[in-house]
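structure.cif follows; it contains mmCIF, C-alpha atoms.
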data_start
loop_
_atom_site.label_atom_id
_atom_site.label_comp_id
_atom_site.auth_asym_id
_atom_site.auth_seq_id
_atom_site.Cartn_x
_atom_site.Cartn_y
_atom_site.Cartn_z
CA MET A 1 89.86 -15.90 34.95
CA PRO A 2 89.90 -18.06 31.81
CA ASP A 3 91.68 -16.90 28.65
CA ALA A 4 88.33 -16.80 26.82
CA TYR A 5 87.81 -13.29 28.19
CA ASP A 6 91.20 -11.94 27.20
CA ASP A 7 91.00 -11.79 23.42
CA LEU A 8 87.39 -10.72 22.95
CA PRO A 9 87.07 -7.84 20.45
CA LEU A 10 85.53 -5.38 22.92
CA LYS A 11 85.33 -1.65 22.46
CA GLY A 12 86.98 -1.04 25.82
CA PRO A 13 87.26 2.23 27.71
CA ALA A 14 87.68 4.35 24.57
CA GLY A 15 84.01 3.99 23.73
CA GLU A 16 82.58 5.44 26.92
CA GLU A 17 83.30 9.14 27.01
CA TYR A 18 80.15 9.82 29.01
CA GLY A 19 81.22 7.50 31.81
CA ARG A 20 84.67 9.03 31.99
CA GLU A 21 83.23 12.52 31.94
CA MET A 22 80.81 11.68 34.74
CA GLU A 23 83.60 10.12 36.78
CA ALA A 24 85.77 13.21 36.31
CA ARG A 25 82.93 15.56 37.21
CA ALA A 26 81.93 13.53 40.27
CA SER A 27 85.53 13.42 41.51
CA ALA A 28 85.89 17.18 40.98
CA TRP A 29 82.64 17.88 42.85
CA MET A 30 83.74 15.69 45.74
CA THR A 31 87.14 17.35 45.91
CA ARG A 32 85.46 20.77 46.06
CA ALA A 33 83.01 19.51 48.70
CA LYS A 34 85.88 18.23 50.79
CA HIS A 35 87.38 21.70 50.75
CA GLY A 36 84.18 23.29 52.03
CA ASP A 37 82.07 23.90 48.91
CA ALA A 38 78.61 22.73 49.98
CA ASP A 39 77.10 23.66 46.60
CA ALA A 40 79.45 21.20 44.91
CA PHE A 41 78.09 18.41 47.06
CA ASP A 42 74.53 19.43 46.19
CA GLU A 43 75.42 19.18 42.50
CA LEU A 44 77.03 15.81 43.06
CA THR A 45 73.93 14.53 44.86
CA GLN A 46 71.60 15.84 42.17
CA ALA A 47 73.64 14.14 39.45
CA LEU A 48 73.97 10.74 41.09
CA ARG A 49 71.00 10.24 43.39
CA ASN A 50 68.78 8.49 40.84
CA ARG A 51 71.57 6.08 39.92
CA ALA A 52 72.11 5.37 43.60
CA PHE A 53 68.40 4.84 44.10
CA ARG A 54 68.16 2.31 41.27
CA LEU A 55 70.96 0.18 42.63
CA ALA A 56 69.66 0.39 46.19
CA ARG A 57 66.27 -0.65 44.84
CA ALA A 58 67.86 -3.75 43.30
CA TRP A 59 69.25 -4.75 46.68
CA VAL A 60 66.55 -3.85 49.17
CA GLY A 61 63.41 -4.38 47.10
CA SER A 62 61.28 -1.62 48.56
CA ARG A 63 61.04 1.74 46.85
CA GLU A 64 60.73 3.71 50.10
CA ASP A 65 63.69 1.91 51.69
CA ALA A 66 65.76 2.49 48.56
CA LEU A 67 65.00 6.20 48.65
CA GLU A 68 65.99 6.46 52.31
CA LEU A 69 69.14 4.41 51.84
CA ALA A 70 70.30 6.33 48.79
CA GLN A 71 69.83 9.53 50.78
CA GLU A 72 71.65 8.02 53.75
CA ALA A 73 74.58 6.98 51.54
CA PHE A 74 75.02 10.59 50.43
CA LEU A 75 74.89 11.77 54.03
CA LYS A 76 77.55 9.24 54.99
CA THR A 77 79.61 10.36 52.01
CA TYR A 78 79.39 13.96 53.17
CA ARG A 79 80.32 13.06 56.72
CA ALA A 80 83.29 11.06 55.42
CA ARG A 81 84.45 13.81 53.05
CA ASP A 82 87.66 14.39 55.01
CA THR A 83 88.78 10.83 54.27
CA TYR A 84 88.34 11.30 50.51
CA ARG A 85 91.68 11.66 48.76
CA ASP A 86 91.78 14.50 46.23
CA GLY A 87 91.44 13.18 42.71
CA GLU A 88 90.57 9.63 43.81
CA PRO A 89 87.93 8.09 41.50
CA PHE A 90 84.70 8.99 43.26
CA LEU A 91 82.28 6.43 41.84
CA PRO A 92 83.98 3.28 43.23
CA TRP A 93 84.35 5.00 46.60
CA PHE A 94 80.70 5.98 46.65
CA HIS A 95 79.63 2.55 45.43
CA ARG A 96 81.26 0.97 48.49
CA ILE A 97 79.45 3.40 50.79
CA LEU A 98 76.13 2.69 49.10
CA ARG A 99 76.68 -1.06 49.23
CA ASN A 100 77.67 -0.97 52.90
CA THR A 101 74.66 1.18 53.72
CA CYS A 102 72.26 -1.22 51.99
CA PHE A 103 73.91 -4.33 53.45
CA SER A 104 73.88 -2.81 56.92
CA PHE A 105 70.15 -2.16 56.52
CA LEU A 106 69.54 -5.72 55.31
CA ARG A 107 71.60 -7.13 58.16
CA GLN A 108 69.71 -5.14 60.76
CA SER A 109 66.40 -6.30 59.34
CA LYS A 110 67.78 -9.87 59.36
CA ARG A 111 67.36 -10.29 55.59
CA LEU A 112 70.99 -11.03 54.72
CA ARG A 113 72.75 -14.35 55.01
CA LYS A 114 75.90 -15.77 53.48
CA SER A 115 75.17 -17.63 50.28
CA SER A 116 75.86 -21.34 50.32
CA LEU A 117 76.74 -21.05 46.62
CA SER A 118 79.54 -18.56 47.11
CA ALA A 119 82.01 -21.21 48.23
CA GLY A 120 82.02 -22.73 44.78
CA ARG A 121 82.68 -19.51 42.92
CA GLU A 122 85.91 -18.12 41.65
CA GLU A 123 86.08 -15.04 43.85
CA ASP A 124 87.28 -14.98 47.44
CA GLU A 125 84.74 -12.43 48.56
CA PRO A 126 81.59 -14.13 49.91
CA ASP A 127 78.25 -13.64 48.22
CA TRP A 128 75.03 -12.93 50.11
CA GLU A 129 71.47 -14.06 49.79
CA ILE A 130 68.75 -11.53 50.44
CA ALA A 131 65.37 -12.47 51.83
CA ASP A 132 62.75 -10.21 50.25
CA ALA A 133 59.16 -9.53 51.00
CA ASP A 134 57.01 -11.47 48.55
CA GLU A 135 55.33 -8.57 46.91
CA PRO A 136 57.11 -6.69 44.12
CA ALA A 137 56.69 -2.93 44.06
CA PRO A 138 53.70 -2.34 41.79
CA GLU A 139 54.47 1.34 41.31
CA ASP A 140 57.83 0.72 39.69
CA GLY A 141 58.73 0.72 36.03
CA VAL A 142 56.59 1.03 32.97
CA GLY A 143 54.90 -1.42 30.67
CA ASP A 144 52.99 -4.60 31.33
CA ALA A 145 52.43 -5.04 35.05
CA GLU A 146 52.29 -8.82 34.98
CA ARG A 147 55.62 -9.19 33.18
CA ARG A 148 57.18 -6.58 35.44
CA ASP A 149 55.98 -8.39 38.57
CA ALA A 150 57.29 -11.68 37.21
CA PHE A 151 60.65 -10.07 36.51
CA TRP A 152 60.94 -8.80 40.08
CA LYS A 153 59.88 -12.13 41.53
CA GLY A 154 62.68 -13.77 39.57
CA PHE A 155 65.13 -10.97 40.35
CA GLN A 156 64.48 -11.23 44.07
CA ARG A 157 65.60 -14.85 44.00
CA LEU A 158 69.11 -13.77 43.03
CA SER A 159 72.03 -13.20 45.35
CA ALA A 160 73.35 -9.77 46.30
CA ARG A 161 76.25 -10.08 43.85
CA ASP A 162 73.99 -11.02 40.95
CA ARG A 163 71.66 -8.15 41.72
CA GLU A 164 74.59 -5.77 41.87
CA ILE A 165 76.03 -6.65 38.48
CA LEU A 166 72.58 -6.74 36.82
CA GLY A 167 71.61 -3.47 38.49
CA LEU A 168 74.76 -1.77 37.24
CA ARG A 169 74.27 -3.08 33.72
CA HIS A 170 70.49 -2.93 33.26
CA PHE A 171 69.33 -0.22 35.67
CA GLN A 172 72.32 2.10 35.53
CA GLU A 173 73.18 1.13 31.95
CA LEU A 174 76.93 1.14 32.56
CA SER A 175 79.38 -0.35 30.06
CA TYR A 176 81.64 -3.26 30.97
CA SER A 177 84.61 -0.99 31.56
CA GLU A 178 82.56 1.40 33.69
CA ILE A 179 81.31 -1.50 35.81
CA ALA A 180 84.89 -2.76 36.07
CA ARG A 181 86.00 0.62 37.40
CA VAL A 182 83.11 0.93 39.86
CA LEU A 183 83.64 -2.55 41.27
CA ALA A 184 87.43 -2.45 40.93
CA ILE A 185 87.51 -5.79 39.08
CA PRO A 186 88.81 -6.77 35.61
CA GLU A 187 86.48 -6.56 32.60
CA GLY A 188 86.72 -10.32 32.22
CA THR A 189 85.30 -10.75 35.72
CA VAL A 190 82.51 -8.33 34.84
CA MET A 191 81.59 -10.47 31.84
CA SER A 192 81.81 -13.65 33.85
CA ARG A 193 79.61 -12.31 36.65
CA LEU A 194 77.16 -10.88 34.14
CA PHE A 195 76.95 -14.13 32.22
CA HIS A 196 76.26 -16.20 35.33
CA ALA A 197 73.86 -13.66 36.82
CA ARG A 198 71.87 -13.54 33.59
CA ALA A 199 71.80 -17.31 33.36
CA ARG A 200 70.44 -17.50 36.90
CA LEU A 201 67.92 -14.76 36.16
CA ARG A 202 66.76 -16.56 33.02
CA ALA A 203 66.41 -19.75 35.02
CA ALA A 204 64.43 -17.89 37.69
CA LEU A 205 62.18 -16.41 35.01
CA ALA A 206 61.76 -19.64 33.07
CA GLY A 207 58.56 -20.52 34.92
CA TYR A 208 57.02 -17.21 33.97
CA PHE A 209 58.10 -16.87 30.36
CA GLU A 210 58.18 -20.36 28.90
CA PRO A 211 59.17 -21.30 26.30
CA GLU A 212 61.04 -18.11 25.33
CA SER A 213 63.29 -18.12 28.40
CA GLY A 214 64.33 -21.74 28.38
CA ALA A 215 67.86 -20.70 29.09
CA SER A 216 69.47 -24.00 29.82
CA ALA A 217 68.45 -25.69 26.63
CA ARG A 218 69.48 -22.71 24.57
CA GLN A 219 72.86 -22.51 26.22
CA GLU A 220 73.52 -26.13 25.47
CA LYS A 221 72.80 -25.55 21.78
CA THR A 222 75.30 -22.73 21.52
CA ARG A 223 78.13 -24.56 23.18
CA MET B 224 72.57 -23.88 36.75
CA SER B 225 75.28 -21.77 35.07
CA GLY B 226 78.14 -23.32 37.03
CA ARG B 227 80.04 -23.96 33.80
CA GLU B 228 82.12 -21.33 32.06
CA PRO B 229 80.56 -19.61 29.03
CA THR B 230 81.63 -20.52 25.52
CA ARG B 231 83.25 -17.91 23.31
CA ASP B 232 80.06 -17.67 21.25
CA GLU B 233 78.01 -16.99 24.36
CA LEU B 234 80.40 -14.22 25.38
CA LEU B 235 80.33 -12.74 21.89
CA ALA B 236 76.53 -12.87 21.86
CA MET B 237 76.42 -11.12 25.21
CA ALA B 238 78.88 -8.44 24.14
CA TYR B 239 76.95 -8.00 20.88
CA VAL B 240 73.62 -7.41 22.65
CA ASP B 241 75.28 -5.11 25.18
CA GLY B 242 76.81 -3.03 22.36
CA GLU B 243 80.33 -3.79 23.53
CA LEU B 244 81.84 -5.24 20.33
CA ARG B 245 84.19 -3.20 18.17
CA PRO B 246 82.59 -2.21 14.81
CA ALA B 247 84.53 -4.75 12.75
CA ALA B 248 83.83 -7.56 15.22
CA ARG B 249 80.18 -6.54 15.30
CA ALA B 250 79.89 -6.82 11.52
CA GLU B 251 81.64 -10.17 11.56
CA PHE B 252 79.35 -11.43 14.31
CA GLU B 253 76.24 -10.27 12.42
CA ALA B 254 77.39 -12.22 9.37
CA ARG B 255 77.72 -15.36 11.49
CA LEU B 256 74.39 -14.63 13.15
CA ALA B 257 72.55 -14.82 9.84
CA ALA B 258 73.90 -18.33 9.27
CA SER B 259 73.52 -19.77 12.76
CA PRO B 260 70.03 -20.38 14.19
CA ALA B 261 71.47 -21.39 17.57
CA LEU B 262 73.39 -18.13 17.83
CA GLY B 263 70.25 -16.29 16.73
CA ARG B 264 68.23 -17.88 19.51
CA GLU B 265 70.86 -16.94 22.09
CA VAL B 266 70.88 -13.34 20.88
CA SER B 267 67.06 -13.22 20.90
CA ALA B 268 66.95 -14.53 24.45
CA LEU B 269 69.46 -11.94 25.62
CA LYS B 270 67.59 -9.15 23.85
CA GLU B 271 64.35 -10.32 25.39
CA LEU B 272 65.93 -10.18 28.84
CA GLU B 273 67.35 -6.74 28.11
CA LEU B 274 63.93 -5.41 27.08
CA LEU B 275 62.27 -6.97 30.10
CA ALA B 276 64.86 -5.53 32.50
CA ARG B 277 64.52 -2.13 30.91
CA ALA B 278 60.74 -2.21 31.26
CA ALA B 279 60.96 -3.38 34.85
CA ALA B 280 63.73 -0.97 35.87
CA PRO B 281 62.76 1.04 38.93
CA ARG B 282 61.10 4.30 38.04
CA GLU B 283 63.37 7.16 38.97
CA PRO B 284 62.10 9.19 41.91
CA MET B 285 60.65 12.57 41.04
CA ASP B 286 62.14 15.73 42.50
CA GLU B 287 59.18 16.02 44.87
CA GLU B 288 60.00 12.62 46.37
CA TRP B 289 63.56 13.69 47.16
CA ALA B 290 62.22 16.98 48.50
CA ARG B 291 59.73 15.13 50.71
CA LEU B 292 62.54 12.98 52.04
CA ALA B 293 64.56 16.08 52.84
CA ARG B 294 61.58 17.65 54.63
CA ASP B 295 60.75 14.56 56.65
CA PRO B 296 63.58 14.83 59.21
CA LEU B 297 62.37 18.30 60.21
CA GLN B 298 58.84 17.03 60.65
CA ARG B 299 60.03 13.95 62.55
CA GLY B 300 62.22 16.11 64.77
CA THR B 301 59.37 18.50 65.48
CA LEU B 302 57.00 15.67 66.33
CA GLY B 303 59.59 13.95 68.53
CA LEU B 304 60.34 17.12 70.47
CA GLY B 305 56.62 17.81 70.82
CA TRP B 306 55.94 14.38 72.28
CA ILE B 307 58.86 14.62 74.71
CA LEU B 308 57.70 18.01 75.99
CA LEU B 309 54.10 16.81 76.30
CA ILE B 310 55.06 13.65 78.21
CA VAL B 311 57.44 15.49 80.55
CA GLY B 312 54.85 18.23 81.14
CA CYS B 313 52.02 15.77 81.86
CA ALA B 314 54.17 13.65 84.16
CA GLY B 315 55.39 16.71 86.06
CA LEU B 316 51.90 18.16 86.43
CA ALA B 317 50.49 14.80 87.59
CA LEU B 318 53.26 14.38 90.16
CA PHE B 319 52.83 17.93 91.41
CA ALA B 320 49.03 17.56 91.63
CA GLY B 321 49.43 14.20 93.40
CA TRP B 322 51.84 15.60 95.93
CA GLN B 323 49.54 18.55 96.60
CA LEU B 324 46.59 16.22 96.98
CA PHE B 325 48.31 13.81 99.38
CA ALA B 326 49.57 16.70 101.49
CA SER B 327 46.03 18.18 101.72
CA ASP B 328 42.99 17.18 103.79
CA ALA B 329 41.20 15.71 100.77
CA PRO B 330 39.12 12.53 101.27
CA LEU B 331 40.99 9.18 101.25
CA ALA B 332 39.01 7.96 98.20
CA LEU B 333 40.25 10.91 96.15
CA LYS B 334 43.83 10.24 97.25
CA LEU B 335 43.46 6.57 96.25
CA LEU B 336 42.08 7.53 92.85
CA MET B 337 44.99 9.89 92.29
CA GLY B 338 47.37 7.13 93.38
CA ALA B 339 45.81 4.73 90.87
CA PHE B 340 46.06 7.37 88.14
CA LEU B 341 49.75 7.98 88.82
CA ALA B 342 50.56 4.28 89.15
CA GLY B 343 48.71 3.50 85.89
CA GLY B 344 50.57 6.26 84.05
CA ALA B 345 53.92 5.05 85.40
CA LEU B 346 53.16 1.44 84.41
CA LEU B 347 52.14 2.39 80.86
CA LEU B 348 55.21 4.58 80.39
CA GLY B 349 57.49 1.89 81.79
CA ALA B 350 55.99 -0.79 79.52
CA THR B 351 56.34 1.46 76.46
CA VAL B 352 59.97 2.27 77.23
CA ARG B 353 60.73 -1.40 77.88
CA ALA B 354 59.15 -2.49 74.59
CA ARG B 355 61.05 0.21 72.72
CA LEU B 356 64.36 -0.82 74.25
CA ARG B 357 63.74 -4.44 73.36
CA THR B 358 62.95 -3.70 69.69
CA LEU B 359 65.62 -1.02 69.26
CA PRO B 360 68.31 -3.40 67.92
CA LEU B 361 65.91 -4.43 65.13
CA ASP B 362 65.05 -0.88 64.11
CA PRO B 363 66.71 -0.28 60.73
CA TYR B 364 66.45 3.50 61.01
CA ARG B 365 68.07 4.08 64.38
CA LYS B 366 71.49 4.84 62.90
CA ILE B 367 70.19 7.22 60.27
CA GLN B 368 71.32 10.74 61.05
CA ARG B 369 70.51 13.79 59.05
#
Encoded form (C-alpha cells):
Amino acid sequence: MPDAYDDLPLKGPAGEEYGREMEARASAWMTRAKHGDADAFDELTQALRNRAFRLARAWVGSREDALELAQEAFLKTYRARDTYRDGEPFLPWFHRILRNTCFSFLRQSKRLRKSSLSAGREEDEPDWEIADADEPAPEDGVGDAERRDAFWKGFQRLSARDREILGLRHFQELSYSEIARVLAIPEGTVMSRLFHARARLRAALAGYFEPESGASARQEKTR
Amino acid sequence: MSGREPTRDELLAMAYVDGELRPAARAEFEARLAASPALGREVSALKELELLARAAAPREPMDEEWARLARDPLQRGTLGLGWILLIVGCAGLALFAGWQLFASDAPLALKLLMGAFLAGGALLLGATVRARLRTLPLDPYRKIQR
C-alpha cells in the first residue's frame, strides 16, 4: 500500500463509538448463544438482519434472494456456534459467513466467474464478476425511480469486491475503521478499494448522468 | 479506468465527503476547497454519488417480511409432506386395484385399460423424478435448511 494512505488526517477508530458498541454487543450475544441462550441469538438476529440483507442485496441483486440468503447466513451462524471463540469479534466472522453464503448461491446459479481484472490488482485474493439479471428491483429504495434504476444498472456492472466495499460504506454506512475491522484489512486498503470502486461506479454511471458524472475528466483535473 | 493510484487531494476529498477527517484537517480542507474549483468539482461529484447511493439503497425489509420468511418453511414442509402422502397413497391404491382387477374375471378390455392407466402413471412419475434429478445440481435452494 502506498505511503499516501499512511499520513492522512483521519479520525480513526476513536470517532466510531456506535460501531464499537455494536461489535461488543454482537460478540456478547453470540457468546451467550454459544452457551445455550437462544434468546440472545434472537436479539443478535434482530439487530443485524437488515444490515445483512442490504449487503446480500448488493451481491445477489434480487430482493427475495437477499432476504433468503441473509436468513440462511444467520442459520449457518447458529449451526456453527460451537466453533465461535468466546470474545472473538463477531462482525468479521459473520461477514465471512454471509459472503460465503451469497457466493455459494451465485456459484450454484452459475452467475459467478473469476474477474479478469483481478490479476492486475494489488491484493492476492481473486475478485469475482457477477452476472445479474437485467432488471433492477423496482421496489427498492426511495426517490426518483429512473435515477435509482440507472444506479443499479451501473452498480450491477461492478465486481463482487467493488460491490462489497460500496455496500459496506453506502448501504451499511460503516466508517473506514469499521470496514477495516469487518474485512480484516488495513484502513489504507479500505480507502484504496473505495476509491477504485467509486471510480468504476462513476464510469459505469457516466452514460446515465452526463455531464455531472464525468469521472475521468474530473480526476485528471485534480491530479 | 481507475487503474492509477489516487492523488492525496483525491483521498482527502473522499475522506472529507465521508466525514472521516479530523476536525482541524476538515477546516483546513474547507479553506482549500473555497480556493480550488477542481477540488470543488471532485467533492461535488463524490457528494452526488453519495446522495444517489443513499437514495438507491435497498429498502430495509419490514418485520412482516422476515416473519413471512420464518413461516414459509412450515408451509413448504406441510405442502411437501402432503404431496408425498398423496402420491404414495394414489400409487398404492392404483397398484392394489390393478392387482385385484387382473386376478378377477373382469373383461380383457378393462384389464388393458387398467394396465394403460398404471403404465401411464408410472411413466409420468418416472419422467418427473428424472427431470428433478437432472436439475437438482442447479437448484440454489437445495442446501438451505431451517
What do you get, as a CSV table (one decimal) with C-alpha atoms, in the coordinates of the input, if you spell out every residue that the PyMOL selection byres ((chain B) within 9 of (chain A)) selects here?
chain,number,residue,atom,x,y,z
B,224,MET,CA,72.6,-23.9,36.8
B,225,SER,CA,75.3,-21.8,35.1
B,226,GLY,CA,78.1,-23.3,37.0
B,227,ARG,CA,80.0,-24.0,33.8
B,228,GLU,CA,82.1,-21.3,32.1
B,229,PRO,CA,80.6,-19.6,29.0
B,230,THR,CA,81.6,-20.5,25.5
B,231,ARG,CA,83.2,-17.9,23.3
B,232,ASP,CA,80.1,-17.7,21.2
B,233,GLU,CA,78.0,-17.0,24.4
B,234,LEU,CA,80.4,-14.2,25.4
B,235,LEU,CA,80.3,-12.7,21.9
B,237,MET,CA,76.4,-11.1,25.2
B,238,ALA,CA,78.9,-8.4,24.1
B,241,ASP,CA,75.3,-5.1,25.2
B,242,GLY,CA,76.8,-3.0,22.4
B,243,GLU,CA,80.3,-3.8,23.5
B,244,LEU,CA,81.8,-5.2,20.3
B,245,ARG,CA,84.2,-3.2,18.2
B,246,PRO,CA,82.6,-2.2,14.8
B,247,ALA,CA,84.5,-4.8,12.8
B,248,ALA,CA,83.8,-7.6,15.2
B,249,ARG,CA,80.2,-6.5,15.3
B,261,ALA,CA,71.5,-21.4,17.6
B,262,LEU,CA,73.4,-18.1,17.8
B,264,ARG,CA,68.2,-17.9,19.5
B,265,GLU,CA,70.9,-16.9,22.1
B,267,SER,CA,67.1,-13.2,20.9
B,268,ALA,CA,67.0,-14.5,24.4
B,269,LEU,CA,69.5,-11.9,25.6
B,271,GLU,CA,64.4,-10.3,25.4
B,272,LEU,CA,65.9,-10.2,28.8
B,273,GLU,CA,67.4,-6.7,28.1
B,275,LEU,CA,62.3,-7.0,30.1
B,276,ALA,CA,64.9,-5.5,32.5
B,277,ARG,CA,64.5,-2.1,30.9
B,278,ALA,CA,60.7,-2.2,31.3
B,279,ALA,CA,61.0,-3.4,34.8
B,280,ALA,CA,63.7,-1.0,35.9
B,281,PRO,CA,62.8,1.0,38.9
B,282,ARG,CA,61.1,4.3,38.0
B,283,GLU,CA,63.4,7.2,39.0
B,284,PRO,CA,62.1,9.2,41.9
B,288,GLU,CA,60.0,12.6,46.4
B,289,TRP,CA,63.6,13.7,47.2
B,292,LEU,CA,62.5,13.0,52.0
B,293,ALA,CA,64.6,16.1,52.8
B,360,PRO,CA,68.3,-3.4,67.9
B,361,LEU,CA,65.9,-4.4,65.1
B,362,ASP,CA,65.0,-0.9,64.1
B,363,PRO,CA,66.7,-0.3,60.7
B,364,TYR,CA,66.4,3.5,61.0
B,367,ILE,CA,70.2,7.2,60.3
B,368,GLN,CA,71.3,10.7,61.0
B,369,ARG,CA,70.5,13.8,59.0
- request: Run the PyMOL selection byres ((chain A and resi 82) around 12) mentally over the shown coordinates, then write out the matched residues as a ChimeraX atom specification, using the chain letters and numbers from the document.
  value: /A:30-36,76-81,83-86
task: Go ahead and compute the interatomic distance for atom CA of A:Gly188 and atom CA of B:Tyr239, in Å to one decimal.
output: 15.1 Å
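Atom CA of A:Ala180 is found 10.0 Å from atom CA of A:Ile165.
A straight line drawn from atom CA of A:Ala24 to atom CA of A:Arg96 is 17.8 Å long.
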Residues matched by the PyMOL selection byres ((chain A and resi 89) around 8) as a PDB file with C-alpha atoms, in the coordinates of the input:
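Saved to selection18.pdb:
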ATOM      1  CA  GLU A  23      83.600  10.120  36.780  1.00  0.00           C
ATOM      2  CA  ALA A  24      85.770  13.210  36.310  1.00  0.00           C
ATOM      3  CA  SER A  27      85.530  13.420  41.510  1.00  0.00           C
ATOM      4  CA  GLY A  87      91.440  13.180  42.710  1.00  0.00           C
ATOM      5  CA  GLU A  88      90.570   9.630  43.810  1.00  0.00           C
ATOM      6  CA  PHE A  90      84.700   8.990  43.260  1.00  0.00           C
ATOM      7  CA  LEU A  91      82.280   6.430  41.840  1.00  0.00           C
ATOM      8  CA  PRO A  92      83.980   3.280  43.230  1.00  0.00           C
ATOM      9  CA  TRP A  93      84.350   5.000  46.600  1.00  0.00           C
TER      10      TRP A  93
END
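When only C-alpha atoms are used to measure the gap to A:Tyr208, the shortest distance among A:Ala28, A:Val60, A:Arg111, A:Lys153 belongs to A:Lys153.
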message: Excluding B:Gly338 and its own-chain neighbours fewer than 4 positions away, which residues fall within 8 Å of it when counting all atoms listed in the file? Please give them as a ChimeraX atom specification.
response: /B:321,334,342
